[in-house]
Amino acid sequence: MVTPSDKTPRDLPFMAGWFEPGLLIKLLWRVIVSDVFGQYADRRLVLAALDPVDPKELVRRAQQFMPGNDNEEVWAFTPDEEGAVWIDYVADLGDGFDATYAMASLLARETIGFEGKNLPRGQLLVMGGDEVYPHASAEAYREKLLTPYRWAFPDPHPGLLKGPPVYALPGNHDWYDGLLLFLALFSRREHLHLGGWRTHQRRSYFALQLTPQWWIWGMDSQLDDDMDQPQKDYFVAIAKEMPENSNIILCGPEPGWLYTHVVGNGSLKIMDYLAWIAIRHCKGVRIPLVISGDTHHYSRYEGDDGMTQFVTSGGGGAFLHPTHQLAQTVDVYCPQDDITWMKSAVKKLTLGSWKTKEGVSQEACYPSRADSMAMLRGNLRFPAYNPGFGLVLGAIYWLLALLGSFFPWDIWYVAPLVMTGGFYAYTKRTEGSSTKVKLVSLVNGVLHGLAMIGLGTAFAYINALVFDPADWPRLHFLLFAGEMIGLGGLVAAELFGVYLYLSSGYLDLNHNDAFSSMRRDSHRNFIRIRIAPDGLTLYPIGLTKVPDRDSWVKNGGPGPTYVTNPDLQPEPIEPAIVIKVPPRPAQS
């Protein structure tokens, strides 16, 4: 059982160091194990087998928060004076304490000011995936999710079930333990109290009715971008009982529209398949909003149907992702693929835009492209951010230099070949095996090979001026090892940082690693959504600056357990986005 932490903010984790050698080894092992587990023991199937209910019960659960439900102990979605229901969406949240807690504190506030309006807290909280980083463990869930969210929204009614529900989708990091801990928390029958929020879901995917005509669907595509048969049957059962002309907010674990260039990525296709299920089994259904996390920035694309918005909002706490690489337009219609909803509704996406009060056009992304490129220069300080990774590179330099002492002429081609092979294996993992990847790997291999040979030659020459290696062989060995691992590692890490800067900034490669290396916690974001009978209004809320660790102080009054002075400064990322859903023509 995962229990909350009794620590103070000073004791809780900072953001994960993604290039720390120990973490890289653990993640590699987790990926291998989770891949095997996903193929041979898919917990989605196990959970469905343990929940053998008929379709009517599935629909009842989906409608349990509608006004007039027969359980007075359960929360009900209550429309405001204008007939609207409010929900919140946040994703990619459990990394370092400071950013995660800051966002949880904003989500827990009763209202947030936005363009002169007070936006009420969502009556439903949707977590869009990757609830913890870097991998699922009891400690990570306790210190990076349970503790910050319980501190942000102290439970006003600990003994009662009634409270705003929270529903969560698992991301790839939640799947790294085979989804064991995710299900233990979010699918428990006794309802987890996440501060003032309450869990209700029974599976790793869900459908909820929000108003008579609005629904939200959340899917789980596991690690292999697939939909298991019980999940398909679940959404078919829901779609068949939805009223005609219903509208769906579709939530997925990945923004497939941003990954169309990634070879083998099927996230858009599986999301399209879920949309096809809705269209096939519910007459007149529409999907005006598709939303996802996984990429840790905010961006919004508009469909060429004039209505559908594709929003990425992964700013709940994990390290920032760039925006400078975003395509201006995205073709999602692929004739050779079995795309169904896209063929009939949306074929091309365009990056959204808006105008400032001065009439200046701004793109719908956060951070801006200019800020993203400016932050990318932080990779020129890569050795300072990632000293352990530099020592690993230095150790490789040293081993190759030792090989060169036995085969002095061979090392001139062995070292570049070894380094080229290493860079190719590293880059191919995320960027594929294109000609560009091969050329970049070759250039990297040659540069690092020459750097290793040059440093080894220089250190050997300088050492020989000080003492005769033949008289002091052990001292020479230790000194040379220290020089190559320490100073050589510094040079190697700087070259690697320059490579990340150039490849992300100008070659459209390695965007994830270029920003994970810096572990930036700025530009946090979540979406507050107003759902009215005639459409949606999206309020993207940003937090550019996150307080540092020493800024949190114990709160002596009601509200969050820890506060900061000055207070958090949320701001609109862009003006409210209104999605009007026109009425259906009368049937003759």
# chains A, B, ... in the order shown; residues from 1 in each chain; ligands from 1
call {"tool": "select_by_dssp", "arguments": {"residues": "segment 186-373 of chain A", "states": "helix (DSSP H, G or I)", "output": "ChimeraX atom specification"}}
result
/A:186,229-241,256-258,267-281,341-344,369-373
call {"tool": "residues_around", "arguments": {"residues": "Leu447 of chain A", "least_positions_apart": "2", "cutoff": "12 Å", "atoms": "only C-alpha atoms", "output": "VMD selection string"}}
result
chain A and resid 412 to 413 415 to 420 423 440 to 445 449 to 454 491 to 492 494 to 496 498 to 499
call {"tool": "residues_around", "arguments": {"residues": "Phe19 of chain A", "least_positions_apart": "3", "cutoff": "8 Å", "atoms": "only C-alpha atoms", "output": "list in words"}}
result
Leu23, Leu24, Asn386, Gly388, Phe389 and Ser517 of chain A
call {"tool": "residues_around", "arguments": {"residues": "segment 346-357 of chain A", "least_positions_apart": "5", "cutoff": "9 Å", "atoms": "only C-alpha atoms", "output": "MDAnalysis selection string"}}
result
chainID A and resid 257 299:305 308:310 326:334 341 362:365 574:575
call {"tool": "closest_atom_pairs", "arguments": {"of": "segment 268-320 of chain A", "to": "segment 204-224 of chain A", "cutoff": "9 Å", "atoms": "only C-alpha atoms", "output": "Markdown table"}}
result
| residue | atom | partner | partner_atom | distance |
| --- | --- | --- | --- | --- |
| A:Ile270 | CA | A:Ser221 | CA | 7.4 |
| A:Met271 | CA | A:Met219 | CA | 8.0 |
| A:Leu274 | CA | A:Met219 | CA | 8.0 |
call {"tool": "residues_around", "arguments": {"residues": "segment 6-16 of chain A", "least_positions_apart": "4", "cutoff": "7 Å", "atoms": "only C-alpha atoms", "output": "list in words"}}
result
Asp95, Gly96, Phe97, Pro134, Glu143, Arg519 and Arg549 of chain A
call {"tool": "closest_residue", "arguments": {"among": "A:Phe65, A:Tyr424, A:Phe77, A:Phe459", "to": "Lys436 of chain A", "atoms": "only C-alpha atoms"}}
result
A:Tyr424
call {"tool": "residues_around", "arguments": {"residues": "segment 500-503 of chain A", "least_positions_apart": "2", "cutoff": "12 Å", "atoms": "only C-alpha atoms", "output": "PyMOL selection string"}}
result
chain A and resi 322+325+372-382+423+427+431+436-437+439-441+443-444+493-498+505-518
call {"tool": "residues_around", "arguments": {"residues": "Lys56 of chain A", "least_positions_apart": "5", "cutoff": "10 Å", "atoms": "only C-alpha atoms", "output": "PyMOL selection string"}}
result
chain A and resi 61-62+237-238+241
call {"tool": "write_last_selection", "arguments": {"atoms": "N, CA, C and O atoms", "output": "PDB file, in the first residue's frame"}}
result
ATOM      1  N   ARG A  61     -21.954   3.423 -14.539  1.00  0.00           N
ATOM      2  CA  ARG A  61     -20.763   4.047 -13.964  1.00  0.00           C
ATOM      3  C   ARG A  61     -20.396   5.324 -14.715  1.00  0.00           C
ATOM      4  O   ARG A  61     -19.983   6.314 -14.101  1.00  0.00           O
ATOM      5  N   ALA A  62     -20.540   5.289 -16.034  1.00  0.00           N
ATOM      6  CA  ALA A  62     -20.195   6.466 -16.832  1.00  0.00           C
ATOM      7  C   ALA A  62     -21.128   7.626 -16.544  1.00  0.00           C
ATOM      8  O   ALA A  62     -20.757   8.788 -16.748  1.00  0.00           O
ATOM      9  N   ALA A 237     -19.854  -0.485 -25.929  1.00  0.00           N
ATOM     10  CA  ALA A 237     -21.020  -0.498 -25.053  1.00  0.00           C
ATOM     11  C   ALA A 237     -21.430   0.919 -24.670  1.00  0.00           C
ATOM     12  O   ALA A 237     -22.628   1.245 -24.626  1.00  0.00           O
ATOM     13  N   ILE A 238     -20.447   1.782 -24.401  1.00  0.00           N
ATOM     14  CA  ILE A 238     -20.761   3.167 -24.049  1.00  0.00           C
ATOM     15  C   ILE A 238     -21.383   3.893 -25.239  1.00  0.00           C
ATOM     16  O   ILE A 238     -22.411   4.588 -25.120  1.00  0.00           O
ATOM     17  N   GLU A 241     -25.085   3.404 -26.081  1.00  0.00           N
ATOM     18  CA  GLU A 241     -26.064   3.967 -25.159  1.00  0.00           C
ATOM     19  C   GLU A 241     -26.008   5.486 -25.083  1.00  0.00           C
ATOM     20  O   GLU A 241     -26.769   6.088 -24.321  1.00  0.00           O
TER      21      GLU A 241
END
call {"tool": "closest_residue", "arguments": {"among": "A:Asp88, A:Leu289, A:Ala239, A:Ser434", "to": "Trp276 of chain A", "atoms": "only C-alpha atoms"}}
result
A:Ala239
call {"tool": "select_by_dssp", "arguments": {"residues": "segment 297-492 of chain A", "states": "strand (DSSP E or B)", "output": "list in words"}}
result
Tyr298, Ser299, Arg300, Tyr301, Glu302, Gly303, Gln309, Phe310, Val311, Thr312, Ser313, Thr329, Val330, Asp331, Lys348, Leu349, Thr350, Leu351, Ser353, Trp354, Lys355, Ser361, Gln362, Glu363, Cys365 and Tyr366 of chain A
call {"tool": "write_last_selection", "arguments": {"atoms": "N, CA and C atoms", "output": "tab-separated table (two decimals), in the first residue's frame"}}
result
chain	number	residue	atom	x	y	z
A	298	TYR	N	2.83	23.29	-24.04
A	298	TYR	CA	1.47	23.55	-24.50
A	298	TYR	C	1.52	23.92	-25.97
A	299	SER	N	0.66	23.29	-26.75
A	299	SER	CA	0.50	23.69	-28.15
A	299	SER	C	-0.92	23.34	-28.58
A	300	ARG	N	-1.39	24.09	-29.56
A	300	ARG	CA	-2.77	23.88	-30.04
A	300	ARG	C	-2.80	23.96	-31.55
A	301	TYR	N	-3.35	22.91	-32.16
A	301	TYR	CA	-3.53	22.86	-33.61
A	301	TYR	C	-5.01	22.88	-33.94
A	302	GLU	N	-5.35	23.50	-35.07
A	302	GLU	CA	-6.73	23.60	-35.52
A	302	GLU	C	-6.94	22.70	-36.73
A	303	GLY	N	-8.02	21.92	-36.70
A	303	GLY	CA	-8.34	21.06	-37.83
A	303	GLY	C	-8.93	21.84	-38.98
A	309	GLN	N	-10.18	21.00	-32.34
A	309	GLN	CA	-8.92	21.49	-31.79
A	309	GLN	C	-8.13	20.31	-31.25
A	310	PHE	N	-6.83	20.30	-31.54
A	310	PHE	CA	-5.92	19.27	-31.05
A	310	PHE	C	-4.94	19.96	-30.10
A	311	VAL	N	-5.08	19.65	-28.81
A	311	VAL	CA	-4.33	20.37	-27.78
A	311	VAL	C	-3.38	19.42	-27.08
A	312	THR	N	-2.14	19.87	-26.93
A	312	THR	CA	-1.15	19.17	-26.12
A	312	THR	C	-0.90	20.00	-24.87
A	313	SER	N	-1.06	19.39	-23.73
A	313	SER	CA	-0.84	20.09	-22.46
A	313	SER	C	-0.18	19.13	-21.49
A	329	THR	N	2.17	23.15	-40.19
A	329	THR	CA	1.02	22.35	-40.59
A	329	THR	C	1.38	20.88	-40.47
A	330	VAL	N	0.38	20.06	-40.24
A	330	VAL	CA	0.56	18.61	-40.09
A	330	VAL	C	-0.47	17.91	-40.94
A	331	ASP	N	-0.02	17.04	-41.82
A	331	ASP	CA	-0.93	16.21	-42.61
A	331	ASP	C	-1.23	14.94	-41.83
A	348	LYS	N	-5.89	17.95	-42.32
A	348	LYS	CA	-4.70	18.77	-42.10
A	348	LYS	C	-4.90	19.63	-40.86
A	349	LEU	N	-3.84	19.76	-40.07
A	349	LEU	CA	-3.86	20.59	-38.88
A	349	LEU	C	-2.93	21.78	-39.08
A	350	THR	N	-3.32	22.91	-38.53
A	350	THR	CA	-2.51	24.13	-38.59
A	350	THR	C	-2.29	24.65	-37.18
A	351	LEU	N	-1.05	25.01	-36.88
A	351	LEU	CA	-0.75	25.55	-35.57
A	351	LEU	C	-1.58	26.80	-35.32
A	353	SER	N	-3.14	30.32	-33.70
A	353	SER	CA	-2.53	31.63	-33.46
A	353	SER	C	-3.56	32.55	-32.83
A	354	TRP	N	-3.08	33.66	-32.29
A	354	TRP	CA	-3.94	34.66	-31.68
A	354	TRP	C	-3.23	36.00	-31.74
A	355	LYS	N	-3.97	37.06	-31.52
A	355	LYS	CA	-3.41	38.41	-31.62
A	355	LYS	C	-3.41	39.09	-30.25
A	361	SER	N	0.53	39.09	-34.03
A	361	SER	CA	0.14	37.68	-34.11
A	361	SER	C	1.10	36.81	-33.30
A	362	GLN	N	0.55	35.91	-32.50
A	362	GLN	CA	1.33	34.99	-31.68
A	362	GLN	C	0.88	33.56	-31.97
A	363	GLU	N	1.83	32.65	-31.98
A	363	GLU	CA	1.51	31.25	-32.19
A	363	GLU	C	1.02	30.62	-30.89
A	365	CYS	N	1.61	28.32	-28.77
A	365	CYS	CA	2.53	27.40	-28.13
A	365	CYS	C	3.19	28.09	-26.95
A	366	TYR	N	3.58	27.30	-25.97
A	366	TYR	CA	4.12	27.81	-24.71
A	366	TYR	C	5.12	26.79	-24.20
call {"tool": "atom_distance", "arguments": {"atom1": "atom CA of Asn247 of chain A", "atom2": "atom CA of His281 of chain A"}}
result
13.1 Å
call {"tool": "atom_distance", "arguments": {"atom1": "atom CA of His297 of chain A", "atom2": "atom CA of Gly315 of chain A"}}
result
5.6 Å
call {"tool": "closest_residue", "arguments": {"among": "A:Gly163, A:Gly390, A:Gly17, A:Pro383", "to": "Arg520 of chain A", "atoms": "only C-alpha atoms"}}
result
A:Gly17
